[in-house]
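Trainee: Pasting query-v3.txt here (compact mmCIF, C-alpha atoms):
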```txt
# COMPACT_ATOMS: atom_id res chain seq x y z
CA MET A 2 -107.86 -102.31 -83.94
CA THR A 3 -107.62 -98.91 -82.23
CA GLN A 4 -109.83 -95.93 -82.97
CA GLU A 5 -108.93 -93.93 -86.08
CA THR A 6 -108.73 -90.84 -83.87
CA LEU A 7 -105.82 -92.39 -81.92
CA ILE A 8 -102.69 -91.18 -83.71
CA ARG A 9 -99.83 -92.52 -81.60
CA LEU A 10 -98.27 -93.09 -78.21
CA GLU A 11 -95.52 -90.78 -77.00
CA CYS A 12 -93.40 -90.39 -73.90
CA LEU A 13 -94.89 -88.03 -71.36
CA ARG A 14 -91.41 -86.83 -70.33
CA CYS A 15 -89.29 -86.58 -73.50
CA GLY A 16 -92.01 -86.63 -76.18
CA THR A 17 -90.45 -89.51 -78.13
CA PRO A 18 -93.04 -91.26 -80.35
CA VAL A 19 -93.48 -94.94 -79.50
CA GLU A 20 -95.20 -97.75 -81.39
CA LYS A 21 -98.78 -98.39 -80.27
CA THR A 22 -97.85 -101.98 -79.47
CA HIS A 23 -95.18 -100.89 -76.96
CA PHE A 24 -97.44 -99.92 -74.08
CA HIS A 25 -96.26 -102.26 -71.32
CA ALA A 26 -93.26 -100.63 -69.70
CA GLY A 27 -93.14 -96.94 -70.53
CA CYS A 28 -90.52 -95.02 -72.46
CA PRO A 29 -87.40 -97.12 -73.16
CA ARG A 30 -85.27 -94.02 -73.73
CA CYS A 31 -86.13 -92.47 -70.36
CA ALA A 32 -85.73 -95.83 -68.64
CA ARG A 33 -82.15 -96.08 -69.93
CA ARG A 34 -81.45 -92.61 -68.50
CA GLY A 35 -82.78 -93.63 -65.08
CA GLU A 36 -85.78 -91.28 -65.41
CA PRO A 37 -88.77 -93.64 -65.70
CA SER A 38 -91.77 -92.21 -67.52
CA ASN A 39 -95.08 -93.46 -68.80
CA LEU A 40 -96.45 -93.03 -72.28
CA THR A 41 -99.57 -91.13 -73.20
CA THR A 42 -102.05 -91.39 -76.06
CA ILE A 43 -102.28 -88.65 -78.69
CA TYR A 44 -105.61 -88.16 -80.48
CA ASP A 45 -106.76 -86.21 -83.50
CA ILE A 46 -108.81 -83.60 -81.65
CA GLU A 47 -110.38 -82.17 -84.80
CA LYS A 48 -111.83 -85.55 -85.75
CA ALA A 49 -113.39 -85.76 -82.28
CA ARG A 50 -114.96 -82.30 -82.28
CA ASP A 51 -118.43 -83.15 -83.61
CA ALA A 52 -118.81 -86.11 -81.22
CA PHE A 53 -118.53 -83.78 -78.21
CA ARG A 54 -121.48 -81.60 -79.13
CA PRO A 55 -124.09 -81.83 -76.34
CA ASP A 56 -126.78 -83.04 -78.74
CA GLU A 57 -124.50 -85.77 -80.05
CA LEU A 58 -123.43 -86.92 -76.57
CA ALA A 59 -127.08 -87.12 -75.54
CA ARG A 60 -127.65 -89.80 -78.18
CA HIS A 61 -125.42 -92.25 -76.28
CA PRO A 62 -126.05 -94.12 -73.00
CA MET A 63 -124.59 -92.52 -69.86
CA SER A 64 -121.59 -94.81 -69.53
CA MET A 65 -117.91 -94.19 -70.08
CA TRP A 66 -118.23 -95.47 -73.65
CA ARG A 67 -120.30 -92.47 -74.73
CA TYR A 68 -116.90 -90.76 -75.13
CA GLU A 69 -115.52 -93.51 -77.39
CA VAL A 70 -114.14 -91.06 -79.93
CA LEU A 71 -111.41 -90.12 -77.43
CA LEU A 72 -110.95 -93.66 -76.13
CA PRO A 73 -108.60 -96.20 -77.71
CA PHE A 74 -111.34 -98.62 -78.74
CA ALA A 75 -114.88 -98.42 -80.06
CA ALA A 76 -117.92 -99.01 -77.88
CA THR A 77 -118.88 -101.93 -80.10
CA GLN A 78 -115.64 -103.65 -79.10
CA ALA A 79 -115.95 -102.96 -75.39
CA VAL A 80 -115.97 -105.54 -72.62
CA SER A 81 -118.41 -103.67 -70.43
CA LEU A 82 -120.44 -103.97 -67.23
CA GLN A 83 -121.98 -100.50 -67.76
CA GLU A 84 -119.17 -98.75 -65.91
CA GLY A 85 -119.18 -94.98 -65.69
CA GLY A 86 -122.11 -92.62 -65.60
CA THR A 87 -121.60 -92.23 -61.84
CA PRO A 88 -123.43 -89.40 -60.05
CA LEU A 89 -122.02 -86.01 -59.17
CA LEU A 90 -123.59 -85.33 -55.78
CA ALA A 91 -124.05 -81.83 -54.42
CA ALA A 92 -122.59 -81.62 -50.90
CA PRO A 93 -124.09 -78.41 -49.42
CA ARG A 94 -123.84 -79.41 -45.74
CA LEU A 95 -120.21 -80.45 -46.09
CA ALA A 96 -119.48 -77.26 -48.04
CA LYS A 97 -121.07 -75.17 -45.30
CA HIS A 98 -119.06 -76.98 -42.62
CA LEU A 99 -115.84 -76.25 -44.54
CA GLY A 100 -116.79 -72.66 -45.36
CA LEU A 101 -116.65 -73.44 -49.07
CA ARG A 102 -118.89 -71.88 -51.73
CA ALA A 103 -119.65 -75.08 -53.63
CA LEU A 104 -118.66 -78.72 -53.19
CA TRP A 105 -119.48 -81.85 -55.19
CA ILE A 106 -118.75 -85.54 -54.69
CA LYS A 107 -118.06 -87.66 -57.77
CA ASP A 108 -119.21 -91.00 -56.39
CA GLU A 109 -117.18 -93.70 -58.14
CA SER A 110 -118.42 -96.33 -55.67
CA ARG A 111 -121.46 -96.70 -57.98
CA ASN A 112 -119.37 -98.62 -60.54
CA PRO A 113 -119.90 -102.39 -60.97
CA THR A 114 -117.20 -103.51 -58.49
CA TRP A 115 -117.66 -100.35 -56.42
CA SER A 116 -114.58 -98.43 -57.48
CA PHE A 117 -113.08 -96.20 -60.18
CA LYS A 118 -110.83 -99.09 -61.26
CA ASP A 119 -113.70 -100.50 -63.35
CA ARG A 120 -113.13 -97.82 -65.98
CA ALA A 121 -109.53 -98.92 -66.52
CA ALA A 122 -110.41 -102.62 -66.25
CA SER A 123 -112.97 -102.29 -69.03
CA ILE A 124 -110.24 -100.90 -71.29
CA ALA A 125 -107.80 -103.63 -70.21
CA ALA A 126 -110.22 -106.49 -70.88
CA THR A 127 -111.18 -105.00 -74.24
CA HIS A 128 -107.55 -104.57 -75.28
CA SER A 129 -106.55 -108.05 -74.08
CA ILE A 130 -109.27 -109.68 -76.20
CA LEU A 131 -108.22 -107.68 -79.27
CA LEU A 132 -104.58 -108.66 -78.75
CA GLY A 133 -105.40 -112.32 -78.19
CA SER A 134 -103.78 -112.34 -74.75
CA PRO A 135 -104.03 -115.63 -72.80
CA ALA A 136 -104.91 -113.89 -69.51
CA LEU A 137 -104.91 -110.62 -67.61
CA VAL A 138 -102.50 -110.16 -64.72
CA VAL A 139 -102.47 -107.56 -61.96
CA SER A 140 -100.65 -106.87 -58.70
CA SER A 141 -102.94 -105.03 -56.34
CA THR A 142 -104.08 -104.21 -52.83
CA GLY A 143 -107.69 -104.94 -53.76
CA ASN A 144 -109.69 -102.53 -55.94
CA ALA A 145 -107.74 -103.14 -59.14
CA ALA A 146 -107.75 -106.88 -58.47
CA ALA A 147 -111.53 -107.02 -58.06
CA ALA A 148 -112.10 -104.97 -61.19
CA THR A 149 -109.61 -106.98 -63.25
CA VAL A 150 -111.10 -110.35 -62.29
CA ALA A 151 -114.69 -109.15 -62.83
CA TYR A 152 -113.93 -107.87 -66.33
CA ALA A 153 -111.83 -110.92 -67.13
CA ARG A 154 -114.88 -113.03 -66.22
CA ARG A 155 -116.99 -110.83 -68.45
CA SER A 156 -114.57 -111.34 -71.36
CA GLY A 157 -114.11 -115.07 -70.82
CA LEU A 158 -110.40 -114.79 -70.02
CA PRO A 159 -108.63 -115.96 -66.86
CA ALA A 160 -107.15 -113.38 -64.49
CA ILE A 161 -104.02 -113.77 -62.37
CA VAL A 162 -103.95 -111.72 -59.17
CA LEU A 163 -100.78 -111.11 -57.17
CA PHE A 164 -101.27 -110.06 -53.54
CA ALA A 165 -98.58 -109.32 -50.97
CA LYS A 166 -99.06 -111.45 -47.87
CA THR A 167 -100.04 -108.30 -45.93
CA VAL A 168 -103.20 -107.85 -48.03
CA ASP A 169 -106.30 -106.77 -46.13
CA PRO A 170 -108.56 -109.80 -45.54
CA ILE A 171 -111.75 -108.00 -46.54
CA MET A 172 -110.22 -106.96 -49.85
CA SER A 173 -108.84 -110.43 -50.53
CA ALA A 174 -112.20 -112.05 -49.68
CA PHE A 175 -113.94 -109.70 -52.11
CA VAL A 176 -111.52 -110.62 -54.89
CA ARG A 177 -111.70 -114.35 -54.13
CA SER A 178 -115.46 -114.13 -54.64
CA TYR A 179 -114.83 -113.38 -58.33
CA GLY A 180 -112.68 -116.49 -58.71
CA GLY A 181 -109.33 -115.19 -59.93
CA HIS A 182 -106.06 -117.15 -59.97
CA ILE A 183 -104.73 -115.63 -56.73
CA VAL A 184 -101.09 -116.00 -55.66
CA VAL A 185 -99.54 -114.37 -52.58
CA THR A 186 -95.95 -113.07 -52.53
CA PRO A 187 -93.66 -112.29 -49.56
CA THR A 188 -93.37 -108.57 -50.39
CA LYS A 189 -95.05 -105.95 -52.55
CA LEU A 190 -92.03 -105.74 -54.88
CA ASP A 191 -92.14 -109.52 -55.43
CA ARG A 192 -95.56 -109.05 -57.04
CA TRP A 193 -94.01 -106.97 -59.81
CA THR A 194 -91.33 -109.62 -60.47
CA MET A 195 -94.00 -112.27 -60.94
CA MET A 196 -96.17 -109.96 -63.02
CA LYS A 197 -93.27 -109.05 -65.31
CA TYR A 198 -92.71 -112.76 -65.91
CA CYS A 199 -96.37 -113.22 -66.85
CA VAL A 200 -96.23 -110.33 -69.31
CA GLU A 201 -92.83 -110.91 -70.92
CA THR A 202 -92.77 -114.72 -70.92
CA TRP A 203 -96.41 -115.72 -71.37
CA GLY A 204 -97.82 -112.65 -73.13
CA CYS A 205 -100.39 -111.87 -70.42
CA TYR A 206 -102.03 -108.44 -70.44
CA PRO A 207 -100.70 -106.08 -67.72
CA ALA A 208 -103.74 -104.61 -65.95
CA GLY A 209 -101.58 -102.27 -63.87
CA ASN A 210 -98.01 -101.25 -63.17
CA TYR A 211 -95.21 -103.81 -62.86
CA VAL A 212 -92.23 -101.54 -63.59
CA ASN A 213 -89.82 -100.64 -60.77
CA PRO A 214 -89.52 -97.68 -60.19
CA PRO A 215 -93.24 -97.40 -60.95
CA ILE A 216 -94.66 -95.48 -63.90
CA GLY A 217 -98.40 -96.10 -63.36
CA SER A 218 -101.03 -97.95 -65.38
CA ASN A 219 -100.53 -98.39 -69.10
CA PRO A 220 -101.65 -95.43 -71.28
CA TYR A 221 -104.68 -97.20 -72.75
CA MET A 222 -106.07 -97.97 -69.29
CA ILE A 223 -105.40 -94.40 -68.12
CA ASP A 224 -107.68 -93.18 -70.89
CA GLY A 225 -110.52 -94.93 -69.06
CA TYR A 226 -109.99 -92.45 -66.22
CA LYS A 227 -110.36 -89.54 -68.62
CA THR A 228 -114.05 -90.31 -68.70
CA ILE A 229 -114.39 -89.18 -65.06
CA GLY A 230 -113.36 -85.71 -66.20
CA TYR A 231 -115.67 -85.74 -69.20
CA GLU A 232 -118.59 -86.70 -66.95
CA ILE A 233 -117.82 -83.94 -64.44
CA TRP A 234 -117.74 -81.46 -67.33
CA GLU A 235 -121.12 -82.66 -68.60
CA GLN A 236 -122.72 -82.89 -65.15
CA LEU A 237 -121.69 -79.33 -64.28
CA GLY A 238 -123.37 -78.03 -67.42
CA TYR A 239 -120.40 -78.23 -69.80
CA ARG A 240 -117.88 -76.45 -67.64
CA ALA A 241 -115.05 -77.23 -65.22
CA PRO A 242 -114.89 -76.63 -61.46
CA ASP A 243 -112.08 -74.60 -59.92
CA TRP A 244 -110.51 -77.64 -58.24
CA ILE A 245 -110.68 -81.44 -58.31
CA PHE A 246 -109.19 -83.24 -55.29
CA GLY A 247 -108.59 -86.96 -55.11
CA PRO A 248 -106.31 -89.81 -54.04
CA SER A 249 -102.89 -90.16 -55.62
CA GLY A 250 -101.10 -93.51 -55.31
CA ASP A 251 -99.35 -93.50 -58.69
CA THR A 252 -101.58 -90.65 -60.01
CA SER A 253 -102.89 -92.65 -62.99
CA CYS A 254 -106.47 -91.59 -62.25
CA LEU A 255 -105.82 -87.91 -61.51
CA TYR A 256 -103.59 -87.71 -64.58
CA GLY A 257 -106.43 -89.15 -66.66
CA ILE A 258 -108.75 -86.46 -65.30
CA TYR A 259 -106.13 -83.79 -65.97
CA LYS A 260 -105.75 -85.07 -69.52
CA SER A 261 -109.50 -85.03 -70.15
CA PHE A 262 -109.68 -81.32 -69.42
CA GLN A 263 -106.64 -80.63 -71.59
CA GLU A 264 -108.52 -82.28 -74.45
CA LEU A 265 -111.68 -80.34 -73.62
CA LYS A 266 -109.61 -77.16 -73.69
CA ALA A 267 -108.22 -78.12 -77.11
CA LEU A 268 -111.82 -78.58 -78.25
CA GLY A 269 -112.63 -75.09 -76.93
CA LEU A 270 -115.11 -76.51 -74.42
CA ALA A 271 -113.63 -75.78 -70.97
CA GLU A 272 -110.81 -74.15 -69.07
CA PRO A 273 -109.00 -76.84 -67.05
CA PRO A 274 -109.35 -77.02 -63.24
CA ARG A 275 -106.52 -77.21 -60.75
CA LEU A 276 -105.78 -80.69 -59.38
CA GLY A 277 -105.23 -81.58 -55.74
CA ALA A 278 -103.33 -84.85 -55.21
CA ALA A 279 -103.60 -86.49 -51.78
CA GLU A 280 -100.97 -89.04 -50.78
CA ILE A 281 -99.86 -91.02 -47.76
CA TYR A 282 -96.07 -91.11 -47.66
CA GLY A 283 -95.18 -87.82 -49.35
CA SER A 284 -92.94 -88.86 -52.26
CA LEU A 285 -94.76 -86.58 -54.72
CA SER A 286 -95.04 -83.70 -52.26
CA ARG A 287 -91.31 -83.76 -51.62
CA ALA A 288 -90.46 -83.89 -55.32
CA ILE A 289 -92.70 -80.86 -55.91
CA GLU A 290 -91.17 -78.94 -53.01
CA GLN A 291 -87.62 -79.74 -54.13
CA GLY A 292 -88.24 -78.90 -57.78
CA SER A 293 -87.17 -82.39 -58.77
CA GLU A 294 -87.98 -83.99 -62.13
CA THR A 295 -87.94 -87.47 -60.60
CA VAL A 296 -90.04 -88.87 -57.76
CA ARG A 297 -88.04 -90.88 -55.22
CA ALA A 298 -89.40 -93.54 -52.91
CA ALA A 299 -90.29 -92.33 -49.43
CA GLU A 300 -89.17 -94.12 -46.30
CA ILE A 301 -92.17 -95.96 -44.93
CA ASP A 302 -92.14 -95.88 -41.14
CA ARG A 303 -95.78 -96.72 -40.47
CA PRO A 304 -98.69 -98.68 -41.91
CA THR A 305 -101.74 -96.75 -43.07
CA VAL A 306 -105.50 -97.05 -42.85
CA ALA A 307 -105.61 -96.05 -46.54
CA ILE A 308 -104.83 -99.61 -47.59
CA SER A 309 -105.60 -99.03 -51.29
CA MET A 310 -102.85 -96.43 -51.77
CA GLY A 311 -100.11 -97.39 -49.33
CA THR A 312 -97.38 -96.97 -51.93
CA ALA A 313 -93.96 -95.56 -51.13
CA GLN A 314 -93.32 -94.03 -54.53
CA ASN A 315 -95.47 -91.87 -56.78
CA THR A 316 -94.70 -91.33 -60.45
CA TYR A 317 -93.86 -88.79 -63.12
CA LEU A 318 -97.59 -88.72 -63.89
CA GLY A 319 -98.01 -86.96 -60.54
CA LEU A 320 -95.43 -84.30 -61.34
CA VAL A 321 -97.14 -83.51 -64.64
CA THR A 322 -100.62 -83.44 -63.11
CA VAL A 323 -99.79 -81.14 -60.22
CA ARG A 324 -97.31 -78.83 -61.92
CA LYS A 325 -99.13 -78.32 -65.20
CA SER A 326 -102.48 -77.75 -63.51
CA ASN A 327 -100.97 -75.32 -60.98
CA GLY A 328 -102.25 -77.75 -58.36
CA LEU A 329 -101.19 -79.10 -54.99
CA ALA A 330 -99.75 -82.33 -53.63
CA THR A 331 -100.61 -82.96 -49.98
CA GLN A 332 -99.41 -85.65 -47.61
CA VAL A 333 -102.19 -86.57 -45.16
CA SER A 334 -102.15 -88.51 -41.90
CA ASP A 335 -104.31 -91.42 -40.77
CA GLU A 336 -105.98 -89.14 -38.23
CA GLU A 337 -106.94 -86.67 -40.97
CA ILE A 338 -108.24 -89.49 -43.17
CA LEU A 339 -110.47 -91.00 -40.48
CA ALA A 340 -111.77 -87.54 -39.54
CA ALA A 341 -112.60 -86.86 -43.20
CA GLN A 342 -114.39 -90.20 -43.53
CA ARG A 343 -116.54 -89.47 -40.45
CA LEU A 344 -117.28 -85.93 -41.58
CA MET A 345 -118.48 -87.03 -45.03
CA VAL A 346 -120.84 -89.54 -43.43
CA GLU A 347 -122.12 -87.08 -40.82
CA THR A 348 -122.78 -84.26 -43.26
CA GLU A 349 -123.80 -86.02 -46.48
CA GLY A 350 -124.46 -89.68 -45.67
CA VAL A 351 -121.72 -90.80 -48.08
CA PHE A 352 -119.41 -93.57 -46.82
CA GLY A 353 -116.11 -93.61 -48.68
CA GLU A 354 -113.19 -95.99 -48.47
CA THR A 355 -110.33 -94.59 -46.41
CA ALA A 356 -108.14 -94.11 -49.48
CA SER A 357 -110.99 -92.43 -51.35
CA VAL A 358 -111.53 -89.71 -48.72
CA THR A 359 -107.90 -88.60 -48.73
CA GLY A 360 -108.95 -85.91 -51.22
CA LEU A 361 -111.26 -84.44 -48.59
CA ALA A 362 -108.51 -84.65 -45.97
CA ALA A 363 -106.16 -82.75 -48.29
CA LEU A 364 -108.83 -80.16 -49.10
CA MET A 365 -109.50 -79.52 -45.42
CA ARG A 366 -105.78 -78.97 -44.79
CA ARG A 367 -105.37 -76.62 -47.74
CA LEU A 368 -108.46 -74.60 -46.82
CA ASP A 369 -107.04 -74.11 -43.33
CA GLU A 370 -103.74 -72.96 -44.85
CA GLY A 371 -105.46 -70.57 -47.23
CA ARG A 372 -104.16 -72.42 -50.32
CA VAL A 373 -107.72 -73.00 -51.55
CA GLU A 374 -110.03 -69.98 -51.56
CA PRO A 375 -113.41 -70.27 -49.76
CA ASP A 376 -115.23 -69.00 -52.86
CA ALA A 377 -113.93 -71.91 -54.95
CA GLU A 378 -116.03 -74.67 -56.47
CA VAL A 379 -114.47 -78.06 -55.69
CA VAL A 380 -115.14 -81.63 -56.82
CA LEU A 381 -113.99 -84.53 -54.64
CA ASN A 382 -113.22 -87.72 -56.55
CA LEU A 383 -114.53 -90.41 -54.19
CA THR A 384 -112.94 -93.50 -55.66
CA SER A 385 -114.50 -96.38 -53.73
CA THR A 386 -116.94 -97.50 -51.02
CA GLY A 387 -116.17 -97.57 -47.31
CA LEU A 388 -117.22 -101.22 -47.19
CA LYS A 389 -113.79 -102.07 -48.58
CA SER A 390 -111.89 -100.59 -45.64
CA LEU A 391 -114.05 -101.88 -42.78
CA GLY A 392 -111.20 -104.13 -41.69
CA VAL A 393 -109.15 -101.11 -40.58
CA THR A 394 -111.88 -98.70 -39.48
CA GLN A 395 -114.53 -100.63 -37.55
CA ALA A 396 -114.49 -102.13 -34.06
CA SER A 397 -116.13 -105.46 -33.30
CA ASN A 398 -119.85 -105.98 -32.69
CA ALA A 399 -119.08 -106.36 -28.99
CA GLU A 400 -118.99 -102.57 -28.70
CA MET A 401 -122.66 -102.25 -29.70
CA PRO A 402 -124.88 -101.84 -26.59
CA LEU A 403 -127.37 -104.59 -25.73
CA ALA A 404 -130.95 -103.72 -24.67
CA GLU A 405 -132.96 -106.44 -22.92
CA ASP A 406 -136.16 -104.43 -22.48
CA VAL A 407 -137.84 -101.24 -23.65
CA LYS A 408 -136.72 -99.19 -20.63
CA GLN A 409 -133.09 -100.12 -21.19
CA PHE A 410 -133.52 -99.49 -24.93
CA ALA A 411 -134.76 -95.92 -24.28
CA SER A 412 -131.99 -95.31 -21.77
CA ILE A 413 -129.28 -96.40 -24.20
CA LEU A 414 -130.64 -94.13 -26.93
CA GLN A 415 -130.55 -91.16 -24.58
CA THR A 416 -127.24 -91.77 -22.77
CA LYS A 417 -125.16 -93.07 -25.70
CA TYR A 418 -126.68 -91.20 -28.62
CA GLY A 419 -128.44 -88.19 -27.09
CA PHE A 420 -131.74 -89.28 -28.66
CA ALA A 421 -134.57 -88.34 -26.26
CA PRO A 422 -137.99 -88.22 -28.01
CA ASP A 423 -139.79 -88.13 -24.62
CA SER A 424 -138.62 -84.54 -24.29
CA TRP A 425 -140.50 -83.65 -27.48
CA LEU A 426 -143.88 -84.70 -26.08
```
As structure tokens, how would this structure be written, given the file I've shared?

Mentor:
Amino acid sequence: MTQETLIRLECLRCGTPVEKTHFHAGCPRCARRGEPSNLTTIYDIEKARDAFRPDELARHPMSMWRYEVLLPFAATQAVSLQEGGTPLLAAPRLAKHLGLRALWIKDESRNPTWSFKDRAASIAATHSILLGSPALVVSSTGNAAAATVAYARRSGLPAIVLFAKTVDPIMSAFVRSYGGHIVVTPTKLDRWTMMKYCVETWGCYPAGNYVNPPIGSNPYMIDGYKTIGYEIWEQLGYRAPDWIFGPSGDTSCLYGIYKSFQELKALGLAEPPRLGAAEIYGSLSRAIEQGSETVRAAEIDRPTVAISMGTAQNTYLGLVTVRKSNGLATQVSDEEILAAQRLMVETEGVFGETASVTGLAALMRRLDEGRVEPDAEVVLNLTSTGLKSLGVTQASNAEMPLAEDVKQFASILQTKYGFAPDSWL
């Protein structure tokens, strides 16, 4: 069922080998010790070597499945909506504003449901079909839910979506449009209780974390995120940047990117970049600062505009990603996030979801502190479109000025926007 290059699963923390069928809930040994840890896939790198030659890669369509040799399933098995192959945009005006030598934006909003989650959802739907699962199930704030339901529709399976009652209405409306089996729970933790029941009682496929304390997405789905790293490597001319910054809720995505460059290093194709993890409530940052081997839940004392990553507790994936890449974990504020969102629009015309621009907010902070050198080359992983966070960032239409004639129209342009073409004549 899985690729012949996939050797085994093993615990990311203790290295214990685990059966390929035991992917739902992480390492049982570490769980018993009170040190929750996810599993990771181990591949035969030598068998994959020829498939990563540039001439061989060029024979395959520019989607995530061109890297199938280091994915758990073959492209011929894939439930796909042509996810991946997203552009790497040069950002010279933003780089100049920041005083940075080179800056790129990996625009994951170009995926089928407008977020990076499509890569993992494609893996989940593929795996669920191969296992004969009756349905996919996910607890989510929006992006993962939309991706899960879309790919479930593509596969012909039903999808169960668990939202907390505080879910953003724009996100929930987007997901409802795909027609999932949506159920709302009183709290975020209640979602995981319901999801665990679906998985362990009914055999549904877990398209995301349901373990408490969290461990992140299952290891097969995380491999979908590796393809972001492979694409960056290809798009930069078969090399790595100095840094990659991006959002870090449970760090499944950034860990996948980290892992991709470790595999590229093992293939002798690139030296890995450093990873910058941006978070809201600081659980990972504090664990890094304290030298802890376990991430503890932060005390949440405020809501956040970054609705897609408002999680109190990061995971062991984050510790591995930041520490082993000699990277940084940065807690950012709502004010920094909104400023980063505006700056990206003003300089490059790219409108990112609030959660997705946290990487830029973290980069700006670390540049100011001197933790990132100005002569560095940086990639920002922009995970989703700003359309998904309009509910928390945009005022009502009543704030738009009304012009009843041409004279008033010209006056508004000049007084409100500083646009005065008469002065050019």

Trainee: Mind checking which residues fall within 8 Å of Thr312 in chain A, counting all atoms listed in the file, ignoring those fewer than 3 positions away in the same chain, and posting them as a VMD selection string?

Mentor: chain A and resid 250 to 251 281 to 282 315

Trainee: Please report the interatomic distance between CA of Ala174 in chain A and CA of Met196 in chain A in Å with one decimal.

Mentor: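 Straight-line distance from CA of Ala174 in chain A to CA of Met196 in chain A works out to 21.0 Å.
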
Trainee: Find, counting only C-alpha atoms, the residue in A:Pro93, A:Pro207, A:Pro187, A:Gly360 that gets nearest to Ser134 in chain A.

Mentor: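 Closest residue, counting only C-alpha atoms: A:Pro207.
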
Trainee: Can you tell me how far CA of Leu13 in chain A sits from CA of Val380 in chain A, in Å to one decimal?

Mentor: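 Atom-to-atom, CA of Leu13 in chain A and CA of Val380 in chain A are spaced 25.7 Å apart.
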
Trainee: At a cut-off of 6 Å, using only C-alpha atoms, what residues contact range 73-88 of chain A? Leave out same-chain residues fewer than 5 positions from it and give the result as a PyMOL selection string.

Mentor: chain A and resi 3-4+63-66+108-109+111-112+123+127

Trainee: Find the residues around range 370-379 of chain A up to 9 Å (only C-alpha atoms counted), leave out those fewer than 3 positions away in its own chain, and share them as a list in words.

Mentor: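 My reading of the contact set: Leu99, Gly100, Leu101, Arg102, Ala103, Leu104, Trp105, Ile106, Pro242, Asp243, Trp244, Ile245, Phe246, Leu329, Leu364, Met365, Arg366 and Arg367 of chain A.
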
Trainee: Measuring atom to atom with all atoms listed in the file, identify which of A:Ser412, A:Thr17, A:Ser141, A:Ser385 is nearest to Asp191 in chain A.

Mentor: A:Ser141

Trainee: As an exercise, work out the distance from CA of Arg67 in chain A to CA of Ala52 in chain A in Å and give it to one decimal place.

Mentor: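 According to the coordinates, CA of Arg67 in chain A and CA of Ala52 in chain A are separated by 9.2 Å.
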
Trainee: Using all atoms listed in the file, which residues sit within 12 Å of range 418-422 of chain A once same-chain residues fewer than 5 positions away are excluded, as a list in words?

Mentor: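 Surrounding residues, per the criterion: Met401, Pro402, Phe410, Ala411, Ser412 and Ile413 of chain A.
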
Trainee: A:Ile233, A:Ile338, A:Ala330, A:Ala267: which is nearest Leu285 in chain A, counting all atoms listed in the file?

Mentor: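 Under the stated criterion, the closest residue is A:Ala330.
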
Trainee: Could you give me, as a list in words, the residues within 8 Å of Lys166 in chain A, counting all atoms listed in the file and dropping anything in the same chain fewer than 3 positions from it?

Mentor: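 Once the nearby chain positions are removed, what remains is Val185, Thr186, Pro187 and Thr188 of chain A.
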
Trainee: A:Ser156, A:Thr384, A:Thr41, A:Ser173: which is nearest Thr142 in chain A, counting all atoms listed in the file?

Mentor: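 Selected residue with least distance to Thr142 in chain A: A:Ser173.
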
Trainee: For a quick check of understanding, using all atoms listed in the file, which of A:Gly217, A:Pro37, A:Gly16, A:Gly181 has the smallest distance to Thr149 in chain A?

Mentor: A:Gly181

Trainee: Using only C-alpha atoms, which residue out of A:Leu163, A:Val306, A:Ala151, A:Leu190 lies closest to Val138 in chain A?

Mentor: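 With only C-alpha atoms as the atom set, the closest residue is A:Leu163.
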
Trainee: Padding of 6 Å on every side, edges along x, y and z, all listed atoms of range 229-242 of chain A included: what centre and edge lengths in Å, to one decimal, does that box have, as JSON?

Mentor:
```
{"center_x": -118.4, "center_y": -82.8, "center_z": -65.6, "size_x": 22.0, "size_y": 24.7, "size_z": 20.3}
```
